[in-house]
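Participant: If it helps, the file is called protein.cif and holds mmCIF, C-alpha atoms:
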data_query
loop_
_atom_site.label_atom_id
_atom_site.label_comp_id
_atom_site.auth_asym_id
_atom_site.auth_seq_id
_atom_site.Cartn_x
_atom_site.Cartn_y
_atom_site.Cartn_z
CA MET A 1 156.01 -113.21 -9.29
CA LEU A 2 152.81 -114.41 -10.99
CA ARG A 3 149.26 -114.31 -9.63
CA VAL A 4 145.98 -115.11 -11.39
CA ARG A 5 143.59 -112.13 -11.49
CA PRO A 6 140.74 -112.34 -14.01
CA ILE A 7 138.57 -109.27 -14.56
CA HIS A 8 134.81 -109.83 -14.62
CA PHE A 9 132.62 -107.14 -16.17
CA THR A 10 129.18 -106.86 -14.64
CA SER A 11 126.26 -104.53 -14.00
CA ARG A 12 125.58 -106.35 -10.72
CA LEU A 13 128.51 -105.47 -8.48
CA ASP A 14 126.62 -105.85 -5.22
CA ALA A 15 125.24 -109.29 -6.13
CA TRP A 16 128.75 -110.45 -7.02
CA GLU A 17 130.14 -109.02 -3.79
CA ARG A 18 127.58 -110.97 -1.76
CA LEU A 19 128.59 -114.20 -3.48
CA LEU A 20 132.34 -113.66 -3.26
CA THR A 21 132.05 -112.74 0.40
CA GLY A 22 129.98 -115.90 0.92
CA LEU A 23 132.77 -117.90 -0.67
CA GLY A 24 135.15 -116.51 1.92
CA MET A 25 136.97 -113.98 -0.25
CA VAL A 26 138.11 -110.63 1.13
CA LYS A 27 137.43 -107.27 -0.52
CA THR A 28 140.67 -105.33 -0.87
CA VAL A 29 139.69 -102.56 -3.30
CA ASP A 30 136.35 -100.74 -3.22
CA GLU A 31 135.87 -98.05 -5.87
CA PRO A 32 132.70 -96.93 -7.66
CA THR A 33 133.41 -98.98 -10.80
CA TRP A 34 136.16 -101.35 -9.62
CA ARG A 35 136.35 -103.86 -6.77
CA GLU A 36 138.96 -106.50 -6.02
CA PHE A 37 138.62 -109.62 -3.91
CA ASP A 38 141.44 -111.79 -2.60
CA ALA A 39 141.07 -115.53 -2.20
CA ALA A 40 143.52 -117.69 -0.29
CA SER A 41 144.96 -118.33 -3.76
CA GLY A 42 144.45 -115.81 -6.54
CA ARG A 43 142.47 -112.61 -6.91
CA LEU A 44 139.36 -111.48 -8.83
CA ALA A 45 138.57 -107.97 -10.06
CA LEU A 46 135.05 -106.73 -10.81
CA HIS A 47 134.56 -103.94 -13.34
CA PHE A 48 131.20 -102.17 -13.50
CA VAL A 49 129.43 -101.81 -16.86
CA GLU A 50 125.90 -100.67 -17.62
CA GLN A 51 123.19 -103.33 -17.83
CA GLY A 52 122.77 -104.45 -21.42
CA SER A 53 126.34 -103.57 -22.36
CA ALA A 54 128.05 -106.03 -24.70
CA ASP A 55 130.58 -106.69 -21.93
CA ASP A 56 128.01 -107.34 -19.19
CA GLY A 57 128.75 -110.81 -17.80
CA ILE A 58 132.05 -111.20 -19.70
CA THR A 59 135.32 -112.30 -18.11
CA HIS A 60 138.76 -111.26 -19.34
CA LEU A 61 141.76 -113.44 -18.53
CA GLY A 62 144.41 -111.58 -16.56
CA VAL A 63 147.43 -111.98 -14.30
CA GLU A 64 149.53 -109.82 -12.01
CA VAL A 65 153.33 -109.71 -12.01
CA GLY A 66 155.98 -108.07 -9.86
CA ASP A 67 158.16 -106.40 -12.51
CA LEU A 68 156.57 -105.68 -15.88
CA LYS A 69 159.84 -105.21 -17.77
CA GLU A 70 161.41 -108.40 -16.42
CA PHE A 71 158.20 -110.35 -16.99
CA ALA A 72 158.03 -109.12 -20.60
CA ARG A 73 161.69 -110.00 -21.17
CA ARG A 74 161.32 -113.53 -19.83
CA THR A 75 158.08 -114.16 -21.69
CA LYS A 76 159.54 -112.95 -24.99
CA GLU A 77 162.61 -115.10 -24.42
CA ALA A 78 160.49 -118.18 -23.73
CA GLY A 79 158.24 -117.39 -26.70
CA ALA A 80 161.20 -117.03 -29.03
CA ALA A 81 162.51 -120.43 -27.93
CA GLU A 82 159.22 -122.25 -28.47
CA GLY A 83 157.61 -119.95 -31.02
CA GLY A 84 154.34 -118.09 -30.93
CA THR A 85 154.06 -116.10 -27.68
CA THR A 86 154.82 -112.37 -27.67
CA ALA A 87 154.87 -109.83 -24.84
CA GLU A 88 154.54 -106.08 -25.37
CA LEU A 89 154.78 -103.32 -22.77
CA ILE A 90 151.86 -100.94 -23.26
CA ASP A 91 150.11 -97.98 -21.67
CA ALA A 92 146.61 -99.29 -21.00
CA ASP A 93 143.67 -97.17 -19.89
CA HIS A 94 144.42 -98.09 -16.29
CA GLY A 95 148.20 -97.59 -16.51
CA PRO A 96 151.35 -99.52 -17.50
CA SER A 97 150.69 -103.11 -18.50
CA CYS A 98 152.02 -105.95 -20.63
CA ARG A 99 150.00 -107.53 -23.43
CA ILE A 100 150.65 -111.24 -23.94
CA THR A 101 149.59 -112.55 -27.35
CA ALA A 102 149.41 -116.22 -28.28
CA ALA A 103 150.07 -117.69 -31.70
CA ASP A 104 146.33 -117.76 -32.48
CA GLY A 105 145.97 -114.04 -31.72
CA PHE A 106 144.28 -114.40 -28.32
CA SER A 107 145.68 -111.83 -25.91
CA PHE A 108 145.42 -110.90 -22.25
CA LEU A 109 147.10 -108.44 -19.90
CA ALA A 110 149.63 -108.74 -17.10
CA ASP A 111 149.32 -105.83 -14.69
CA PRO A 112 151.59 -104.70 -11.84
CA ALA A 113 150.81 -106.63 -8.68
CA THR A 114 149.73 -105.17 -5.37
CA ARG A 115 150.32 -106.97 -2.11
CA ALA A 116 147.67 -108.92 -0.22
CA THR A 117 146.11 -107.57 2.98
CA ASP A 118 148.83 -109.22 5.08
CA GLY A 119 151.59 -107.60 3.01
CA SER A 120 152.56 -110.75 1.12
CA TRP A 121 152.48 -111.44 -2.62
CA GLY A 122 150.27 -114.45 -2.00
CA GLY A 123 146.59 -114.77 -1.12
CA SER A 124 144.79 -113.21 1.80
CA ALA A 125 145.34 -114.79 5.19
CA GLU A 126 141.84 -113.58 6.09
CA ALA A 127 140.16 -115.54 3.27
CA ASP A 128 138.74 -119.05 3.55
CA PRO A 129 141.95 -121.12 3.22
CA GLY A 130 140.31 -123.52 0.77
CA ILE A 131 139.21 -121.10 -1.95
CA ALA A 132 141.20 -120.49 -5.15
CA VAL A 133 140.41 -118.41 -8.24
CA VAL A 134 140.49 -120.21 -11.60
CA GLY A 135 140.98 -118.29 -14.84
CA VAL A 136 139.93 -120.32 -17.90
CA TRP A 137 141.20 -119.95 -21.46
CA PHE A 138 138.92 -121.53 -24.06
CA SER A 139 140.93 -122.30 -27.19
CA GLU A 140 140.70 -124.35 -30.37
CA ASP A 141 144.39 -125.17 -29.96
CA ALA A 142 144.91 -126.39 -26.42
CA VAL A 143 148.56 -127.28 -27.09
CA GLU A 144 149.43 -123.71 -28.13
CA ALA A 145 147.43 -122.23 -25.25
CA ALA A 146 149.30 -124.46 -22.80
CA ARG A 147 152.59 -123.39 -24.37
CA THR A 148 151.75 -119.72 -23.82
CA LEU A 149 150.87 -120.36 -20.18
CA ARG A 150 154.24 -122.05 -19.70
CA ASP A 151 155.91 -119.10 -21.45
CA ILE A 152 154.51 -116.67 -18.85
CA GLY A 153 155.82 -118.84 -16.02
CA ALA A 154 152.77 -120.88 -15.02
CA GLN A 155 153.60 -124.39 -13.84
CA PRO A 156 151.64 -127.36 -15.30
CA ARG A 157 149.68 -129.33 -12.74
CA PRO A 158 149.41 -132.94 -13.91
CA LEU A 159 146.01 -134.52 -14.19
CA PRO A 160 145.23 -137.29 -11.67
CA GLY A 161 147.11 -140.42 -12.65
CA SER A 162 149.77 -138.62 -14.68
CA GLY A 163 153.46 -138.78 -13.96
CA PRO A 164 156.35 -141.09 -14.78
CA GLY A 165 155.13 -144.27 -16.39
CA SER A 166 151.56 -143.04 -16.76
CA GLY A 167 151.81 -142.04 -20.41
CA ALA A 168 150.83 -138.45 -19.63
CA ASP A 169 153.26 -135.75 -20.75
CA ASP A 170 153.28 -132.65 -18.55
CA ASN A 171 154.49 -130.56 -21.51
CA THR A 172 151.38 -131.14 -23.58
CA ALA A 173 147.75 -130.19 -23.22
CA GLU A 174 147.29 -133.29 -21.05
CA SER A 175 148.11 -130.89 -18.20
CA GLU A 176 145.13 -128.59 -18.61
CA ALA A 177 145.60 -126.93 -15.23
CA PHE A 178 148.48 -124.60 -14.41
CA LEU A 179 149.53 -123.10 -11.09
CA ALA A 180 150.68 -119.52 -10.67
CA LYS A 181 153.55 -119.16 -8.22
CA ASN A 182 151.81 -116.51 -6.12
CA GLY A 183 148.29 -117.84 -6.28
CA GLY A 184 145.50 -118.94 -8.52
CA ILE A 185 144.97 -121.53 -11.23
CA LEU A 186 144.93 -121.20 -15.01
CA MET A 187 143.06 -123.78 -17.07
CA VAL A 188 142.83 -124.52 -20.77
CA GLY A 189 139.37 -125.49 -21.98
CA ALA A 190 138.19 -126.67 -25.38
CA GLY A 191 136.67 -123.84 -27.41
CA SER A 192 135.74 -122.93 -30.95
CA GLY A 193 136.39 -119.82 -32.98
CA THR A 194 138.23 -116.91 -31.41
CA GLY A 195 139.73 -117.62 -28.01
CA SER A 196 137.74 -116.50 -24.99
CA ALA A 197 137.96 -116.50 -21.20
CA GLY A 198 135.90 -117.89 -18.36
CA LEU A 199 135.85 -117.90 -14.58
CA GLY A 200 135.62 -120.61 -11.96
CA PHE A 201 136.82 -121.52 -8.50
CA GLU A 202 138.43 -124.47 -6.75
CA TYR A 203 137.86 -125.51 -3.15
CA ALA A 204 140.19 -127.56 -0.97
CA GLY A 205 137.57 -128.30 1.66
CA ASP A 206 134.15 -129.80 2.21
CA LEU A 207 131.99 -128.85 -0.78
CA THR A 208 128.83 -129.91 1.01
CA ALA A 209 129.61 -127.62 3.94
CA LEU A 210 130.33 -124.80 1.50
CA ARG A 211 127.02 -125.44 -0.26
CA GLU A 212 125.19 -125.26 3.06
CA ARG A 213 126.95 -122.03 3.93
CA LEU A 214 126.01 -120.47 0.60
CA SER A 215 122.42 -121.72 0.81
CA GLU A 216 122.04 -120.20 4.28
CA ALA A 217 123.21 -116.89 2.79
CA GLY A 218 120.49 -117.08 0.12
CA HIS A 219 122.46 -118.43 -2.85
CA GLU A 220 121.15 -121.26 -5.02
CA ALA A 221 123.76 -124.02 -4.93
CA ALA A 222 123.96 -127.75 -5.61
CA VAL A 223 126.75 -130.34 -5.59
CA ILE A 224 126.86 -132.56 -8.68
CA GLU A 225 129.28 -135.16 -10.04
CA GLU A 226 131.14 -134.32 -13.26
CA ALA A 227 133.39 -137.11 -14.53
CA ALA A 228 133.45 -138.50 -10.97
CA ILE A 229 134.68 -135.13 -9.65
CA PRO A 230 132.35 -133.32 -7.20
CA THR A 231 131.50 -129.83 -8.43
CA LEU A 232 129.45 -127.16 -6.71
CA HIS A 233 127.20 -125.20 -9.07
CA VAL A 234 126.11 -121.77 -7.82
CA ALA A 235 123.57 -119.43 -9.39
CA ASN A 236 125.36 -116.79 -11.45
CA PRO A 237 124.85 -113.25 -10.08
CA ASP A 238 124.60 -111.98 -13.67
CA ALA A 239 121.47 -114.09 -14.25
CA ASP A 240 118.95 -111.37 -13.45
CA GLY A 241 116.03 -112.75 -15.45
CA THR A 242 116.86 -110.79 -18.60
CA ALA A 243 119.82 -112.81 -19.81
CA ALA A 244 120.84 -116.45 -19.62
CA HIS A 245 124.08 -117.16 -17.76
CA PRO A 246 125.34 -120.63 -16.86
CA PRO A 247 125.95 -121.33 -13.17
CA LEU A 248 129.36 -120.73 -11.68
CA TRP A 249 131.30 -123.88 -10.90
CA ILE A 250 133.47 -124.57 -7.87
CA SER A 251 135.37 -127.81 -8.30
CA ALA A 252 136.90 -129.95 -5.59
CA ALA A 253 140.66 -129.52 -5.41
CA PRO A 254 142.55 -132.66 -6.43
CA SER A 255 143.98 -134.74 -3.62
CA ALA A 256 147.68 -134.43 -3.02
CA GLY A 257 149.55 -137.23 -4.72
#
Just give me the structure as structure tokens.
Facilitator:
Amino acid sequence: MLRVRPIHFTSRLDAWERLLTGLGMVKTVDEPTWREFDAASGRLALHFVEQGSADDGITHLGVEVGDLKEFARRTKEAGAAEGGTTAELIDADHGPSCRITAADGFSFLADPATRATDGSWGGSAEADPGIAVVGVWFSEDAVEAARTLRDIGAQPRPLPGSGPGSGADDNTAESEAFLAKNGGILMVGAGSGTGSAGLGFEYAGDLTALRERLSEAGHEAAVIEEAAIPTLHVANPDADGTAAHPPLWISAAPSAG
């Protein structure tokens, strides 16, 4: 069992909730400093921090798994075979967890999963069926980052045009997008310095209709073309006039085949 669940730290919980609800996500946990939202594919957690905190506006990569011990065993086994990835069972502030560490030292947590609102391990049946959560790993070494994602059980999703005879190898960084079995997408992005994490979304529906829906709800949104791929840019709820934050992106899901 593997589901994508980034954690976004913010001083603007209510603004984020308005946006995520507008995207069609469903709130499943509502605590004073912690909220969770289910998409049709993947989950996002919001963690409150005070405005001006060093973590305000920062995203941490994260996943959920069914059995921590078995997940750690399999990840360590895969890491030993390919070299580089380690998995360590720990007692985090929030409870039992597993710390995954890549060869470059970048680490993230796998936490015990909770079921969706319909009782399944997948996404929420009440969410917009087109919306998926994307956790992004920015790394100087995309090949090693991709290897670690394979080690934890994520499945490479070939880029358009890849496959037999295309010259693209699914076991290299050519496959920058990975699917989690129980929902969500993991992506490797080019970065510099210490590895870091980012957040995005993917939509398997009409981006223009989604833009109109968000605009009617009071969100600034525009559809642009990036490398011939339509992408919806939405004003970041963390951009409160005191700090610069890039817009959130919602990319069009690739066509089947």
Participant: Show me as a list of chain:residue names the residues that reach within 6 Å of (146.1, -121.9, -5.1), counting only C-alpha atoms and using the file's own coordinates.
Facilitator: A:Ser41, A:Ala132, A:Gly183, A:Gly184
Participant: Any chance you can output those residues with C-alpha atoms as a JSON list (two decimals), in the coordinates of the input?
Facilitator:
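Now in out33.json:
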[["chain", "number", "residue", "atom", "x", "y", "z"],
["A", 41, "SER", "CA", 144.96, -118.33, -3.76],
["A", 132, "ALA", "CA", 141.20, -120.49, -5.15],
["A", 183, "GLY", "CA", 148.29, -117.84, -6.28],
["A", 184, "GLY", "CA", 145.50, -118.94, -8.52]]
Participant: Report as a PyMOL selection string the full result of the PyMOL selection byres ((chain A and resi 67-78) around 10) when it is applied to this structure.
Facilitator: chain A and resi 1-2+64-66+79-90+96-100+110-113+147-153
Participant: Once the PyMOL selection byres ((chain A and resi 114-128) around 7) has been evaluated on this model, what residues remain selected, and can you format them as an mmCIF file with C-alpha atoms, in the coordinates of the input?
Facilitator:
data_model
loop_
_atom_site.group_PDB
_atom_site.id
_atom_site.type_symbol
_atom_site.label_atom_id
_atom_site.label_comp_id
_atom_site.auth_asym_id
_atom_site.auth_seq_id
_atom_site.Cartn_x
_atom_site.Cartn_y
_atom_site.Cartn_z
ATOM 1 C CA GLY A 24 135.150 -116.510 1.920
ATOM 2 C CA MET A 25 136.970 -113.980 -0.250
ATOM 3 C CA VAL A 26 138.110 -110.630 1.130
ATOM 4 C CA ASP A 38 141.440 -111.790 -2.600
ATOM 5 C CA ALA A 39 141.070 -115.530 -2.200
ATOM 6 C CA ALA A 40 143.520 -117.690 -0.290
ATOM 7 C CA SER A 41 144.960 -118.330 -3.760
ATOM 8 C CA GLY A 42 144.450 -115.810 -6.540
ATOM 9 C CA PRO A 112 151.590 -104.700 -11.840
ATOM 10 C CA ALA A 113 150.810 -106.630 -8.680
ATOM 11 C CA PRO A 129 141.950 -121.120 3.220
ATOM 12 C CA GLY A 130 140.310 -123.520 0.770
ATOM 13 C CA ILE A 131 139.210 -121.100 -1.950
ATOM 14 C CA ASN A 182 151.810 -116.510 -6.120
ATOM 15 C CA GLY A 183 148.290 -117.840 -6.280
#
Participant: With all atoms listed in the file as the atoms that count, which of A:Phe9, A:Trp137, A:Ala252, A:Gly105 lies nearest to Ala54 (chain A)?
Facilitator: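 Among the listed residues, A:Phe9 lies closest to Ala54 (chain A).
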Participant: Please report the interatomic distance between CA of Glu17 (chain A) and CA of Leu207 (chain A) in Å with one decimal.
Facilitator: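 For CA of Glu17 (chain A) relative to CA of Leu207 (chain A), the distance reads 20.1 Å.
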Participant: Need to verify the contact set: Gly135 (chain A), 8 Å, all atoms listed in the file, exclusion of same-chain residues closer than 5 positions in sequence. Can you return it as JSON, numbers by chain?
Facilitator: {"A": [4, 5, 6, 61, 62, 184, 185, 186, 187, 197, 198, 199, 200]}
Participant: Could you check how far CA of Gly195 (chain A) sits from CA of His8 (chain A), in Å to one decimal?
Facilitator: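 The value is 16.3 Å.
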Participant: Could you list, as an NGL selection string, every residue within 8 Å of region 213-215 of chain A, counting all atoms listed in the file and ignoring same-chain residues fewer than 6 positions away?
Facilitator: :A and (19 or 22-23 or 221)
Participant: Between A:Ala145, A:Val63, A:Ala103, A:Val134, which is the closest to Trp249 (chain A) once you count only C-alpha atoms?
Facilitator: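 Closest to Trp249 (chain A) of all the choices is A:Val134.
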